[in-house]
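What follows is the content of data.csv (CSV, C-alpha atoms).
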```
chain,number,residue,atom,x,y,z
T,1,MET,CA,-32.6,13.7,-19.2
T,2,LYS,CA,-31.5,14.8,-15.7
T,3,ARG,CA,-31.1,11.2,-14.8
T,4,ALA,CA,-28.9,10.4,-17.8
T,5,LEU,CA,-26.8,13.5,-16.9
T,6,ARG,CA,-26.4,12.3,-13.3
T,7,ILE,CA,-25.4,8.8,-14.5
T,8,GLY,CA,-22.9,10.3,-16.9
T,9,LEU,CA,-21.3,12.5,-14.2
T,10,LEU,CA,-21.1,9.5,-11.8
T,11,LEU,CA,-19.4,7.4,-14.5
T,12,ALA,CA,-17.0,10.3,-15.2
T,13,ALA,CA,-16.1,10.6,-11.5
T,14,LEU,CA,-15.5,6.8,-11.3
T,15,LEU,CA,-13.2,6.9,-14.3
T,16,VAL,CA,-11.2,9.8,-12.9
T,17,SER,CA,-10.9,8.2,-9.4
T,18,ALA,CA,-9.8,4.9,-11.0
T,19,SER,CA,-6.9,6.6,-12.7
T,20,ALA,CA,-5.7,7.7,-9.2
T,21,PHE,CA,-4.8,4.1,-8.5
T,22,ALA,CA,-2.9,3.5,-11.7
T,23,ILE,CA,0.8,3.0,-11.6
T,24,ASP,CA,2.4,6.3,-12.5
T,25,PRO,CA,4.2,6.3,-15.8
T,26,LEU,CA,8.0,6.8,-16.0
T,27,PRO,CA,9.8,8.7,-18.8
T,28,PHE,CA,11.6,5.8,-20.5
T,29,LYS,CA,14.1,6.5,-23.3
T,30,ASP,CA,12.8,3.7,-25.5
T,31,ALA,CA,10.9,0.4,-25.4
T,32,GLN,CA,14.0,-1.6,-24.6
T,33,GLN,CA,14.5,0.4,-21.4
T,34,ARG,CA,10.9,-0.1,-20.5
T,35,GLU,CA,11.2,-3.8,-21.0
T,36,ARG,CA,14.3,-4.0,-19.0
T,37,PHE,CA,12.6,-2.1,-16.2
T,38,GLN,CA,9.6,-4.4,-16.2
T,39,HIS,CA,11.7,-7.5,-16.3
T,40,LEU,CA,13.8,-6.2,-13.3
T,41,THR,CA,10.9,-5.1,-11.2
T,42,SER,CA,9.1,-8.4,-11.8
T,43,GLN,CA,12.1,-10.1,-10.2
T,44,LEU,CA,11.9,-8.0,-7.1
T,45,ARG,CA,9.3,-8.5,-4.2
T,46,CYS,CA,7.1,-5.8,-2.8
T,47,LEU,CA,8.1,-5.6,0.8
T,48,VAL,CA,4.6,-4.6,1.9
T,49,CYS,CA,2.5,-7.0,-0.2
T,50,GLN,CA,5.1,-9.8,0.0
T,51,ASN,CA,3.3,-11.9,-2.6
T,52,GLU,CA,3.4,-9.4,-5.4
T,53,SER,CA,6.3,-8.1,-7.5
T,54,LEU,CA,7.3,-4.4,-7.5
T,55,ASN,CA,5.9,-4.4,-11.1
T,56,ASP,CA,2.4,-5.5,-9.9
T,57,SER,CA,2.1,-3.8,-6.5
T,58,ASN,CA,0.3,-0.5,-5.9
T,59,ALA,CA,1.7,0.0,-2.4
T,60,ASP,CA,3.4,3.3,-1.7
T,61,LEU,CA,6.7,1.6,-0.8
T,62,ALA,CA,6.5,-0.3,-4.1
T,63,LYS,CA,6.0,3.0,-6.0
T,64,ASP,CA,9.0,4.5,-4.2
T,65,LEU,CA,11.2,1.4,-5.0
T,66,ARG,CA,10.1,1.5,-8.7
T,67,HIS,CA,11.2,5.2,-8.8
T,68,GLU,CA,14.5,4.2,-7.1
T,69,VAL,CA,15.1,1.4,-9.6
T,70,PHE,CA,14.3,3.8,-12.4
T,71,GLN,CA,16.8,6.4,-11.0
T,72,LEU,CA,19.5,3.7,-10.7
T,73,MET,CA,18.9,2.6,-14.3
T,74,GLN,CA,19.2,6.3,-15.4
T,75,GLN,CA,22.6,6.4,-13.6
T,76,GLY,CA,23.8,3.5,-15.8
T,77,LYS,CA,23.7,0.8,-13.1
T,78,SER,CA,23.4,-2.8,-14.3
T,79,ASP,CA,20.6,-5.1,-13.2
T,80,ASP,CA,23.0,-7.0,-10.9
T,81,GLU,CA,24.2,-3.7,-9.3
T,82,ILE,CA,20.6,-2.6,-8.7
T,83,LYS,CA,19.8,-5.9,-7.1
T,84,GLN,CA,22.9,-5.8,-4.9
T,85,TYR,CA,22.0,-2.3,-3.9
T,86,LEU,CA,18.4,-3.3,-2.9
T,87,VAL,CA,19.7,-6.5,-1.1
T,88,ALA,CA,22.1,-4.4,0.9
T,89,ARG,CA,19.2,-2.2,2.1
T,90,TYR,CA,16.4,-4.8,2.4
T,91,SER,CA,18.2,-8.2,2.6
T,92,ASP,CA,17.6,-11.2,0.3
T,93,PHE,CA,13.9,-11.0,1.0
T,94,VAL,CA,13.5,-8.4,-1.7
T,95,LEU,CA,14.4,-11.0,-4.3
T,96,TYR,CA,11.8,-13.4,-5.6
T,97,ASP,CA,14.6,-15.9,-6.3
T,98,PRO,CA,17.0,-15.5,-3.3
T,99,PRO,CA,20.4,-17.3,-3.5
T,100,LEU,CA,21.0,-20.5,-1.6
T,101,ARG,CA,22.9,-19.5,1.5
T,102,ALA,CA,23.0,-20.6,5.1
T,103,SER,CA,20.5,-17.9,6.0
T,104,THR,CA,18.0,-19.0,3.2
T,105,VAL,CA,18.2,-22.8,3.6
T,106,LEU,CA,15.0,-22.9,5.6
T,107,LEU,CA,13.3,-20.7,3.0
T,108,TRP,CA,14.3,-23.1,0.2
T,109,PHE,CA,13.8,-26.5,2.0
T,110,GLY,CA,11.4,-25.7,4.8
T,111,PRO,CA,8.2,-26.5,2.9
T,112,ALA,CA,9.6,-29.9,1.8
T,113,LEU,CA,10.7,-30.7,5.4
T,114,VAL,CA,7.2,-29.8,6.7
T,115,LEU,CA,5.6,-32.0,4.0
T,116,LEU,CA,8.0,-34.9,4.8
T,117,GLY,CA,7.3,-34.5,8.6
T,118,GLY,CA,3.6,-34.6,8.0
T,119,ALA,CA,3.9,-37.7,5.8
T,120,ALA,CA,6.0,-39.4,8.6
T,121,VAL,CA,3.3,-38.7,11.2
T,122,VAL,CA,0.6,-40.1,8.9
T,123,VAL,CA,2.6,-43.3,8.2
T,124,LEU,CA,3.4,-43.8,11.9
T,125,THR,CA,-0.2,-43.3,12.9
T,126,VAL,CA,-1.5,-45.7,10.3
T,127,ARG,CA,1.1,-48.4,11.4
T,128,ARG,CA,0.2,-48.0,15.1
T,129,ARG,CA,-3.5,-48.4,14.4
T,130,GLY,CA,-2.7,-51.5,12.2
T,131,LYS,CA,-0.7,-53.2,14.9
T,132,SER,CA,-3.3,-52.6,17.6
T,133,GLY,CA,-5.7,-54.9,15.7
T,134,THR,CA,-9.0,-54.5,14.1
T,135,ALA,CA,-11.7,-52.5,15.7
T,136,GLU,CA,-14.4,-54.5,17.4
T,137,ALA,CA,-18.0,-54.2,16.5
T,138,PRO,CA,-20.1,-52.4,19.1
T,139,ALA,CA,-22.2,-54.5,21.4
T,140,ALA,CA,-25.9,-54.6,20.7
T,141,GLU,CA,-26.7,-52.4,23.7
T,142,GLU,CA,-24.3,-49.8,22.5
T,143,GLU,CA,-25.9,-49.4,19.1
T,144,TRP,CA,-28.2,-46.5,18.5
```

When written as structure tokens, how does the structure in this file appear?
Amino acid sequence: MKRALRIGLLLAALLVSASAFAIDPLPFKDAQQRERFQHLTSQLRCLVCQNESLNDSNADLAKDLRHEVFQLMQQGKSDDEIKQYLVARYSDFVLYDPPLRASTVLLWFGPALVLLGGAAVVVLTVRRRGKSGTAEAPAAEEEW
């Protein structure tokens, strides 16, 4: 009986501590506003995690930015105005889909350039080895 009570208390403590990591709820007016908020925060990058959206991140900065986005929504700002405000403060990096500009060209085309460069190195290496001839068989005394 005591063991079951201890296990129950342990489980209750775990459940209470798990709720401390949950994303805090915001007082939305209706479901449409909640959907707009979720859509907007899914388009914005967490500046701490970098590979998670504001919608998914539990970082403190992400929580603060979610509250800021919510406050801007309450002030009647449009999605574009909210994005412009955040870009002005944090640069295009805050957007998951940054616009194509001179400053973001490497971000957009860098991975393709690296891939093409690697393919060129492989092709040149294979051609050089092909031109040098076939490899000779090791002499009998060199075999193991």

Can you pull out the residues contacting Ala59 (chain T)? Cut-off 9 Å, using all atoms listed in the file, and skip same-chain residues under 4 positions away; I want them as a PDB file with C-alpha atoms, keeping the file's coordinate frame.
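Output saved as part35.pdb:
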```
ATOM      1  CA  CYS T  46       7.100  -5.800  -2.800  1.00  0.00           C
ATOM      2  CA  VAL T  48       4.600  -4.600   1.900  1.00  0.00           C
ATOM      3  CA  CYS T  49       2.500  -7.000  -0.200  1.00  0.00           C
ATOM      4  CA  LEU T  54       7.300  -4.400  -7.500  1.00  0.00           C
ATOM      5  CA  LYS T  63       6.000   3.000  -6.000  1.00  0.00           C
ATOM      6  CA  ASP T  64       9.000   4.500  -4.200  1.00  0.00           C
TER       7      ASP T  64
END
```

(message) For a quick check of understanding, using all atoms listed in the file, which of T:Gly118, T:Met1, T:Trp108, T:Glu35 has the smallest distance to Phe70 (chain T)?
(response) T:Glu35

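Going from CA of Val69 (chain T) to CA of Leu95 (chain T) covers 13.5 Å.
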
(request) Kindly give the distance, in Å, that separates CA of Tyr96 (chain T) and CA of Leu26 (chain T), rounded to a single decimal. (result) 23.0 Å

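With only C-alpha atoms as the atoms that count, the minimum distance from Ser91 (chain T) to the choices T:Leu106, T:Leu47, T:Ala119, T:Ala4 is reached by T:Leu47.
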
(message) Report as a ChimeraX atom specification all protein, DNA and RNA residues lying within 8 Å of Ser42 (chain T), evaluated on all atoms listed in the file, omitting residues in the same chain fewer than 6 positions from it.
(response) /T:53-56

I need the chosen residues saved as a short mmCIF file (atom, residue, chain, number, x, y, z; two decimals), keeping the file's coordinate frame, with C-alpha atoms.
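After the write, result.cif holds the following:
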```
data_model
loop_
_atom_site.label_atom_id
_atom_site.label_comp_id
_atom_site.auth_asym_id
_atom_site.auth_seq_id
_atom_site.Cartn_x
_atom_site.Cartn_y
_atom_site.Cartn_z
CA SER T 53 6.30 -8.10 -7.50
CA LEU T 54 7.30 -4.40 -7.50
CA ASN T 55 5.90 -4.40 -11.10
CA ASP T 56 2.40 -5.50 -9.90
#
```

Can I get region 77-100 of chain T with N, CA and C atoms filled in, as a tab-separated table (two decimals), keeping the file's coordinate frame?
```
chain	number	residue	atom	x	y	z
T	77	LYS	N	23.45	1.98	-13.90
T	77	LYS	CA	23.70	0.80	-13.10
T	77	LYS	C	23.16	-0.45	-13.87
T	78	SER	N	23.85	-1.57	-13.73
T	78	SER	CA	23.40	-2.80	-14.30
T	78	SER	C	22.31	-3.44	-13.45
T	79	ASP	N	21.63	-4.45	-13.97
T	79	ASP	CA	20.60	-5.10	-13.20
T	79	ASP	C	21.18	-5.75	-11.94
T	80	ASP	N	22.35	-6.36	-12.05
T	80	ASP	CA	23.00	-7.00	-10.90
T	80	ASP	C	23.36	-5.92	-9.85
T	81	GLU	N	23.86	-4.78	-10.29
T	81	GLU	CA	24.20	-3.70	-9.30
T	81	GLU	C	22.97	-3.18	-8.62
T	82	ILE	N	21.86	-3.07	-9.34
T	82	ILE	CA	20.60	-2.60	-8.70
T	82	ILE	C	20.11	-3.62	-7.71
T	83	LYS	N	20.18	-4.90	-8.07
T	83	LYS	CA	19.80	-5.90	-7.10
T	83	LYS	C	20.64	-5.95	-5.89
T	84	GLN	N	21.96	-5.82	-6.08
T	84	GLN	CA	22.90	-5.80	-4.90
T	84	GLN	C	22.60	-4.60	-4.03
T	85	TYR	N	22.29	-3.46	-4.63
T	85	TYR	CA	22.00	-2.30	-3.90
T	85	TYR	C	20.70	-2.52	-3.00
T	86	LEU	N	19.68	-3.09	-3.61
T	86	LEU	CA	18.40	-3.30	-2.90
T	86	LEU	C	18.61	-4.44	-1.83
T	87	VAL	N	19.40	-5.46	-2.12
T	87	VAL	CA	19.70	-6.50	-1.10
T	87	VAL	C	20.43	-5.94	0.05
T	88	ALA	N	21.37	-5.04	-0.21
T	88	ALA	CA	22.10	-4.40	0.90
T	88	ALA	C	21.20	-3.62	1.80
T	89	ARG	N	20.16	-3.03	1.24
T	89	ARG	CA	19.20	-2.20	2.10
T	89	ARG	C	18.13	-3.07	2.68
T	90	TYR	N	17.62	-4.09	1.95
T	90	TYR	CA	16.40	-4.80	2.40
T	90	TYR	C	16.63	-6.31	2.61
T	91	SER	N	17.79	-6.82	2.45
T	91	SER	CA	18.20	-8.20	2.60
T	91	SER	C	17.67	-9.04	1.37
T	92	ASP	N	17.95	-10.33	1.40
T	92	ASP	CA	17.60	-11.20	0.30
T	92	ASP	C	16.08	-11.32	0.11
T	93	PHE	N	15.31	-10.89	1.10
T	93	PHE	CA	13.90	-11.00	1.00
T	93	PHE	C	13.29	-10.19	-0.15
T	94	VAL	N	13.99	-9.18	-0.60
T	94	VAL	CA	13.50	-8.40	-1.70
T	94	VAL	C	13.55	-9.10	-3.03
T	95	LEU	N	14.32	-10.18	-3.10
T	95	LEU	CA	14.40	-11.00	-4.30
T	95	LEU	C	13.38	-12.08	-4.34
T	96	TYR	N	12.73	-12.28	-5.47
T	96	TYR	CA	11.80	-13.40	-5.60
T	96	TYR	C	12.54	-14.72	-5.64
T	97	ASP	N	13.76	-14.72	-6.13
T	97	ASP	CA	14.60	-15.90	-6.30
T	97	ASP	C	15.85	-15.73	-5.47
T	98	PRO	N	15.77	-15.80	-4.13
T	98	PRO	CA	17.00	-15.50	-3.30
T	98	PRO	C	18.02	-16.61	-3.52
T	99	PRO	N	19.30	-16.27	-3.37
T	99	PRO	CA	20.40	-17.30	-3.50
T	99	PRO	C	20.35	-18.27	-2.39
T	100	LEU	N	20.89	-19.45	-2.65
T	100	LEU	CA	21.00	-20.50	-1.60
T	100	LEU	C	22.16	-20.19	-0.72
```
